[in-house]
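K.L.:
My structure is in data-v3.txt, and what it holds is compact mmCIF, C-alpha atoms:
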```txt
# COMPACT_ATOMS: atom_id res chain seq x y z
CA MET A 15 60.83 176.89 147.65
CA SER A 16 57.69 176.10 149.57
CA GLY A 17 54.38 177.07 148.05
CA HIS A 18 54.95 175.92 144.49
CA SER A 19 51.73 173.91 144.73
CA LYS A 20 49.53 176.92 145.47
CA TRP A 21 49.49 178.24 141.95
CA ALA A 22 49.55 174.67 140.65
CA LYS A 23 46.16 174.12 142.31
CA ILE A 24 44.79 177.16 140.53
CA LYS A 25 46.22 175.98 137.21
CA ARG A 26 44.64 172.57 137.73
CA LYS A 27 41.21 174.14 138.23
CA LYS A 28 41.67 176.31 135.16
CA GLY A 29 42.87 173.24 133.28
CA GLU A 30 39.63 171.44 134.07
CA ALA A 31 37.75 174.30 132.44
CA ASP A 32 40.13 174.26 129.48
CA VAL A 33 39.41 170.58 128.91
CA LYS A 34 35.76 171.42 128.30
CA ARG A 35 36.66 173.61 125.36
CA GLY A 36 39.59 171.51 124.18
CA ALA A 37 42.12 174.30 124.62
CA ILE A 38 44.38 172.27 126.87
CA PHE A 39 44.72 169.51 124.27
CA THR A 40 46.44 171.90 121.89
CA LYS A 41 49.01 172.90 124.52
CA ILE A 42 49.67 169.35 125.68
CA GLY A 43 49.93 168.19 122.07
CA ARG A 44 52.69 170.70 121.47
CA GLU A 45 54.54 169.57 124.59
CA ILE A 46 54.29 165.94 123.45
CA GLN A 47 55.64 166.89 120.03
CA ILE A 48 58.69 168.61 121.51
CA ALA A 49 59.37 165.81 124.00
CA ALA A 50 59.04 163.14 121.29
CA ARG A 51 61.98 164.67 119.42
CA GLU A 52 64.16 162.80 121.93
CA GLY A 53 62.42 159.51 121.06
CA GLY A 54 58.87 158.23 120.96
CA ASP A 55 59.23 155.56 123.67
CA PRO A 56 58.17 156.83 127.13
CA ASP A 57 60.11 154.00 128.81
CA THR A 58 63.37 155.54 127.62
CA ASN A 59 62.23 159.17 127.25
CA PHE A 60 61.29 160.40 130.73
CA ARG A 61 60.27 163.84 129.55
CA LEU A 62 57.75 162.25 127.20
CA ARG A 63 56.52 160.01 130.00
CA LEU A 64 55.77 163.04 132.18
CA ILE A 65 53.82 164.77 129.40
CA LEU A 66 51.87 161.61 128.59
CA GLU A 67 50.83 161.36 132.23
CA LYS A 68 49.53 164.93 132.01
CA ALA A 69 47.67 164.04 128.80
CA ARG A 70 45.99 161.05 130.43
CA GLU A 71 44.97 163.13 133.45
CA ALA A 72 43.30 165.56 131.03
CA ASN A 73 41.57 162.66 129.20
CA MET A 74 43.25 163.66 125.96
CA PRO A 75 42.06 161.41 123.08
CA LYS A 76 44.47 158.65 122.10
CA GLU A 77 44.53 159.71 118.46
CA ASN A 78 45.61 163.24 119.45
CA ILE A 79 48.48 161.79 121.49
CA GLU A 80 49.62 159.49 118.68
CA ARG A 81 49.49 162.32 116.13
CA ALA A 82 51.62 164.58 118.37
CA ILE A 83 54.20 161.82 118.87
CA LYS A 84 54.43 161.25 115.11
CA ARG A 85 55.04 164.94 114.55
CA GLY A 86 57.77 164.97 117.17
CA THR A 87 59.57 161.90 115.87
CA GLY A 88 59.50 163.25 112.33
CA ASP A 89 56.82 160.99 110.85
CA ASP A 90 54.57 164.02 110.35
CA LYS A 91 56.39 167.17 109.20
CA SER A 92 53.29 169.34 108.70
CA VAL A 93 54.05 171.47 111.79
CA VAL A 94 57.46 172.47 113.11
CA LEU A 95 57.67 173.90 116.64
CA GLU A 96 60.45 175.57 118.57
CA GLU A 97 60.92 176.13 122.30
CA ILE A 98 61.54 179.66 123.54
CA MET A 99 61.95 180.99 127.07
CA TYR A 100 61.15 184.70 127.44
CA GLU A 101 62.39 186.67 130.45
CA ALA A 102 60.51 189.65 131.82
CA TYR A 103 59.79 191.88 134.78
CA GLY A 104 56.15 192.28 135.72
CA PRO A 105 54.39 194.74 138.01
CA HIS A 106 56.28 195.65 141.19
CA GLY A 107 59.49 194.12 139.83
CA VAL A 108 58.32 190.49 139.96
CA ALA A 109 60.49 188.23 137.80
CA PHE A 110 58.85 186.18 135.04
CA LEU A 111 60.00 183.26 132.91
CA ILE A 112 57.56 182.47 130.11
CA GLU A 113 57.93 179.11 128.37
CA VAL A 114 56.59 179.03 124.82
CA LEU A 115 56.12 176.39 122.12
CA THR A 116 55.42 178.02 118.78
CA ASP A 117 55.46 177.69 115.03
CA ASN A 118 55.73 181.47 114.69
CA ARG A 119 58.32 183.23 116.85
CA ASN A 120 57.22 186.73 115.78
CA ARG A 121 53.60 186.09 116.75
CA SER A 122 54.55 184.68 120.15
CA VAL A 123 56.85 187.50 121.21
CA ALA A 124 54.30 190.10 120.05
CA GLU A 125 51.54 188.46 122.13
CA VAL A 126 53.70 188.18 125.24
CA ARG A 127 54.94 191.76 124.90
CA ARG A 128 51.37 192.99 124.47
CA VAL A 129 50.36 191.48 127.83
CA PHE A 130 53.16 193.26 129.67
CA ASN A 131 52.59 196.53 127.85
CA ARG A 132 48.91 196.42 128.79
CA MET A 133 49.21 195.12 132.35
CA GLY A 134 52.55 196.44 133.56
CA GLY A 135 56.13 195.31 133.05
CA SER A 136 58.38 194.64 130.11
CA LEU A 137 60.37 191.91 128.38
CA GLY A 138 64.01 191.67 129.40
CA GLU A 139 67.23 190.57 127.79
CA SER A 140 68.39 186.97 127.90
CA GLY A 141 69.86 186.28 131.34
CA SER A 142 68.15 189.23 133.04
CA VAL A 143 65.81 186.99 135.04
CA SER A 144 66.83 183.35 134.53
CA TRP A 145 69.62 183.58 137.12
CA MET A 146 66.93 183.88 139.81
CA PHE A 147 65.58 180.40 139.03
CA GLU A 148 66.92 176.86 138.89
CA LEU A 149 65.62 173.79 137.12
CA LYS A 150 64.30 171.25 139.61
CA GLY A 151 62.24 168.11 139.67
CA TYR A 152 58.98 168.74 141.50
CA LEU A 153 56.47 166.24 142.88
CA SER A 154 53.35 166.74 144.95
CA VAL A 155 52.24 163.74 147.01
CA ASP A 156 48.78 163.25 148.51
CA ALA A 157 49.11 163.10 152.30
CA THR A 158 45.42 163.12 153.24
CA LYS A 159 45.53 159.39 154.04
CA ALA A 160 49.22 158.97 154.76
CA ASP A 161 51.82 160.13 157.27
CA PRO A 162 53.69 163.15 155.83
CA ASP A 163 56.79 162.19 157.81
CA GLU A 164 56.83 158.71 156.26
CA ILE A 165 56.41 160.19 152.79
CA SER A 166 59.28 162.58 153.49
CA LEU A 167 61.56 159.75 154.62
CA VAL A 168 60.89 157.72 151.47
CA ALA A 169 61.57 160.76 149.27
CA ILE A 170 64.78 161.69 151.09
CA ASP A 171 66.05 158.10 151.02
CA ALA A 172 65.42 158.06 147.25
CA GLY A 173 67.54 161.20 146.77
CA ALA A 174 65.22 164.20 147.17
CA ASP A 175 66.90 167.56 147.80
CA ASP A 176 64.09 169.10 149.84
CA VAL A 177 60.73 168.03 151.24
CA VAL A 178 58.02 170.45 152.40
CA PRO A 179 55.03 168.92 154.24
CA GLY A 180 51.82 170.92 153.97
CA ASP A 181 48.10 170.64 154.57
CA GLY A 182 47.24 167.25 153.07
CA LEU A 183 50.15 167.52 150.65
CA VAL A 184 53.89 166.90 150.63
CA GLU A 185 56.02 168.82 148.13
CA VAL A 186 59.21 167.13 147.00
CA TYR A 187 62.08 168.82 145.16
CA THR A 188 64.84 166.90 143.38
CA GLN A 189 67.70 167.35 140.99
CA PRO A 190 66.31 167.03 137.43
CA GLY A 191 68.04 163.70 136.88
CA ASP A 192 66.63 162.25 140.12
CA LEU A 193 62.96 163.02 139.47
CA ARG A 194 62.11 159.65 137.96
CA LYS A 195 63.93 157.72 140.67
CA VAL A 196 62.15 159.57 143.47
CA GLN A 197 58.77 159.32 141.74
CA ASP A 198 59.18 155.57 141.26
CA ALA A 199 60.22 155.11 144.91
CA LEU A 200 57.15 156.99 146.16
CA LYS A 201 54.82 154.99 143.93
CA ALA A 202 56.48 151.71 144.98
CA ALA A 203 55.83 152.66 148.61
CA GLY A 204 52.14 153.04 147.80
CA TYR A 205 51.86 156.81 147.82
CA GLU A 206 49.78 158.79 145.33
CA VAL A 207 51.91 161.21 143.33
CA SER A 208 49.52 163.97 142.30
CA SER A 209 51.93 165.65 139.91
CA ALA A 210 55.49 165.22 138.68
CA GLU A 211 57.27 167.74 136.49
CA LEU A 212 60.47 169.57 135.71
CA SER A 213 59.97 173.15 136.82
CA MET A 214 61.87 176.41 137.11
CA ILE A 215 61.88 177.09 140.86
CA PRO A 216 62.77 180.56 142.20
CA LYS A 217 65.80 180.65 144.48
CA THR A 218 64.08 183.30 146.60
CA GLN A 219 60.56 184.72 146.57
CA VAL A 220 59.18 188.23 146.84
CA GLU A 221 56.20 189.15 149.01
CA LEU A 222 53.77 191.88 148.03
CA SER A 223 50.63 193.35 149.52
CA PRO A 224 47.41 191.43 148.79
CA ALA A 225 46.31 193.98 146.18
CA ASP A 226 49.67 193.95 144.41
CA THR A 227 49.81 190.14 144.53
CA MET A 228 46.41 189.92 142.87
CA GLN A 229 47.60 192.33 140.17
CA VAL A 230 50.54 190.03 139.36
CA MET A 231 48.29 186.96 139.40
CA ARG A 232 46.12 188.60 136.75
CA VAL A 233 49.22 188.99 134.55
CA ILE A 234 50.00 185.29 135.01
CA ASP A 235 46.43 184.49 133.99
CA ALA A 236 46.66 186.63 130.86
CA LEU A 237 49.93 184.97 129.81
CA GLU A 238 48.64 181.43 130.41
CA GLU A 239 45.63 182.17 128.22
CA LEU A 240 47.92 182.66 125.21
CA ASP A 241 47.86 179.58 122.97
CA ASP A 242 51.65 179.43 122.58
CA VAL A 243 52.47 179.70 126.31
CA THR A 244 52.97 176.38 128.10
CA ASN A 245 54.31 177.52 131.48
CA VAL A 246 54.71 180.75 133.42
CA TYR A 247 57.15 180.93 136.34
CA THR A 248 57.52 183.81 138.78
CA ASN A 249 59.28 184.50 142.07
CA LEU A 250 56.03 185.74 143.62
CA ASN A 251 55.03 184.32 147.00
CA ILE A 252 51.24 183.80 147.13
CA SER A 253 49.80 183.73 150.64
CA ASP A 254 46.97 181.40 151.62
CA GLU A 255 44.75 184.41 152.23
CA VAL A 256 45.28 185.86 148.76
CA LEU A 257 44.87 182.44 147.20
CA ALA A 258 41.51 182.06 148.93
CA GLN A 259 40.44 185.47 147.63
CA TYR A 260 41.46 184.48 144.12
CA GLU A 261 39.60 181.19 144.26
CA HIS A 262 36.49 182.95 145.52
CA ALA A 263 36.69 185.55 142.76
CA ALA A 264 37.20 182.83 140.14
```
Could you render the structure as structure tokens?
P.N.:
Amino acid sequence: MSGHSKWAKIKRKKGEADVKRGAIFTKIGREIQIAAREGGDPDTNFRLRLILEKAREANMPKENIERAIKRGTGDDKSVVLEEIMYEAYGPHGVAFLIEVLTDNRNRSVAEVRRVFNRMGGSLGESGSVSWMFELKGYLSVDATKADPDEISLVAIDAGADDVVPGDGLVEVYTQPGDLRKVQDALKAAGYEVSSAELSMIPKTQVELSPADTMQVMRVIDALEELDDVTNVYTNLNISDEVLAQYEHAA
């Protein structure tokens, strides 16, 4: 499962650019709306709490957040969204899960299909890809000023399934229901949790040549640029070398 943070770093950089044009606010607003269906109080709705943390990191205006919560709790019925998970195979047989929030199912599937038709791959039937992934809690913890081993011990004691120390970062994987408990334990111990989310983690990863890896990364980019797409998951392993090439090209 190691390496989840690599593409997350790229997404964070792209997110910073999105903030400048306001595009990310639309996507986060939709996520807040869906999460708020389970209740508008982040103290009792952990999913909403996670999304609100993302909104604050992006400096999303308070009025945008409040409007999205009202839509989710039913106080504002002007927009109705649904969650859809598309399954697909991309170039070189890489598995894709594409998470979508949309008010128009036909538009969303047409846009996603168009990306694969243009860049290689095709949409699959329900269940064709999802069996390769499992829902996990994921946290990344800043280890630039802390002992990775100490961070790992706190996470494991709090119930983490797996801990992967890296260069200045510790990745923590949990059962979905344990994410909040582990996050709270890490924060109580004084560690900086850079990100916390529920994520579809591949059970195994595929490795491709640098050129083929870059080709798949361009497909991920194209999908994430679609307004209705909130998350893209693949079983692609991205090496540090290819990541560096991508960052340089970006």
K.L.:
Compile the contact shell of A:Leu193 as number ranges by chain: residues with an atom at most 9 Å away, counting all atoms listed in the file, same-chain residues fewer than 4 positions apart removed.
P.N.:
A: 150-153, 173-174, 187-189, 197-198, 210-212
K.L.:
Do you have the atom CA of A:Asp242-atom CA of A:Thr218 distance handy?
P.N.:
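About the pair atom CA of A:Asp242 and atom CA of A:Thr218: they are 27.3 Å apart.
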K.L.:
Restricting the calculation to only C-alpha atoms, which member of A:Val243, A:Ala102, A:Ala69, A:Leu111 is positioned closest to A:Gly138?
P.N.:
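Among the listed residues, A:Ala102 lies closest to A:Gly138.
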K.L.:
Please indicate the distance in Å from atom CA of A:Ile46 to atom CA of A:Ile65, rounded to one decimal place.
P.N.:
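Interatomic distance, atom CA of A:Ile46 to atom CA of A:Ile65: 6.1 Å.
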K.L.:
Taking all atoms listed in the file into account, which of A:Asn78, A:Tyr247, A:Leu183, A:Arg51 comes nearest A:Tyr100?
P.N.:
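The shortest atom-to-atom distance to A:Tyr100 comes from A:Tyr247.
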K.L.:
Near A:Thr87, within 10 Å and counting all atoms listed in the file, which residues show up once chain neighbours fewer than 4 positions away are dropped, as an MDAnalysis selection string?
P.N.:
chainID A and resid 47:54 82:83 91
K.L.:
Using all atoms listed in the file, which of the listed residues (A:Ser208, A:Asn118, A:Gln229, A:Ser166) sits closest to A:Gly135?
P.N.:
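Using all atoms listed in the file, the shortest distance to A:Gly135 belongs to A:Gln229.
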K.L.:
Kindly give the distance, in Å, that separates atom CA of A:Val230 and atom CA of A:Val126, rounded to a single decimal.
P.N.:
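We find that atom CA of A:Val230 and atom CA of A:Val126 lie 14.6 Å from each other.
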K.L.:
For A:Arg44, which residue out of A:Thr244, A:Pro162, A:Met214, A:Ala203 is the nearest one, using only C-alpha atoms?
P.N.:
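So, comparing all the options, the nearest one is A:Thr244.
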K.L.:
Out of A:Arg128, A:Glu221, A:Ala157, A:Arg194, which residue has the shortest atom-to-atom distance to A:Ala172 when counting all atoms listed in the file?
P.N.:
A:Arg194
K.L.:
Given all atoms listed in the file as the basis, pick out the residue of A:Val114, A:Val94, A:Val186, A:Leu62 nearest to A:Ile79.
P.N.:
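Smallest separation from A:Ile79 among the options: A:Leu62.
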K.L.:
Need to verify the contact set: A:Leu222, 9 Å, all atoms listed in the file, exclusion of same-chain residues closer than 4 positions in sequence. Can you return it as a ChimeraX atom specification?
P.N.:
/A:106,226-227,250-252
K.L.:
Taking 5 positions as the minimum chain separation for residues in the same chain, which residues sit within 7 Å of A:Leu95 when counting only C-alpha atoms? Answer as a PyMOL selection string.
P.N.:
chain A and resi 115-117
K.L.:
What's the 10 Å shell around A:Met228, counting all atoms listed in the file, without same-chain residues fewer than 4 positions away, as a PyMOL selection string?
P.N.:
chain A and resi 222-224+232-234+252+256-257+259-260
K.L.:
Would you write out those residues with C-alpha atoms, as a tab-separated table (two decimals), in the coordinates of the input?
P.N.:
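Output (out.tsv):
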```
chain	number	residue	atom	x	y	z
A	222	LEU	CA	53.77	191.88	148.03
A	223	SER	CA	50.63	193.35	149.52
A	224	PRO	CA	47.41	191.43	148.79
A	232	ARG	CA	46.12	188.60	136.75
A	233	VAL	CA	49.22	188.99	134.55
A	234	ILE	CA	50.00	185.29	135.01
A	252	ILE	CA	51.24	183.80	147.13
A	256	VAL	CA	45.28	185.86	148.76
A	257	LEU	CA	44.87	182.44	147.20
A	259	GLN	CA	40.44	185.47	147.63
A	260	TYR	CA	41.46	184.48	144.12
```
K.L.:
Using 6 Å of padding on each side, determine the axis-aligned box around all atoms of stretch 155-172 of chain A present in the file and give its centre and edge lengths in Å to one decimal, as JSON.
P.N.:
```
{"center_x": 55.7, "center_y": 160.7, "center_z": 152.4, "size_x": 32.6, "size_y": 18.0, "size_z": 22.8}
```
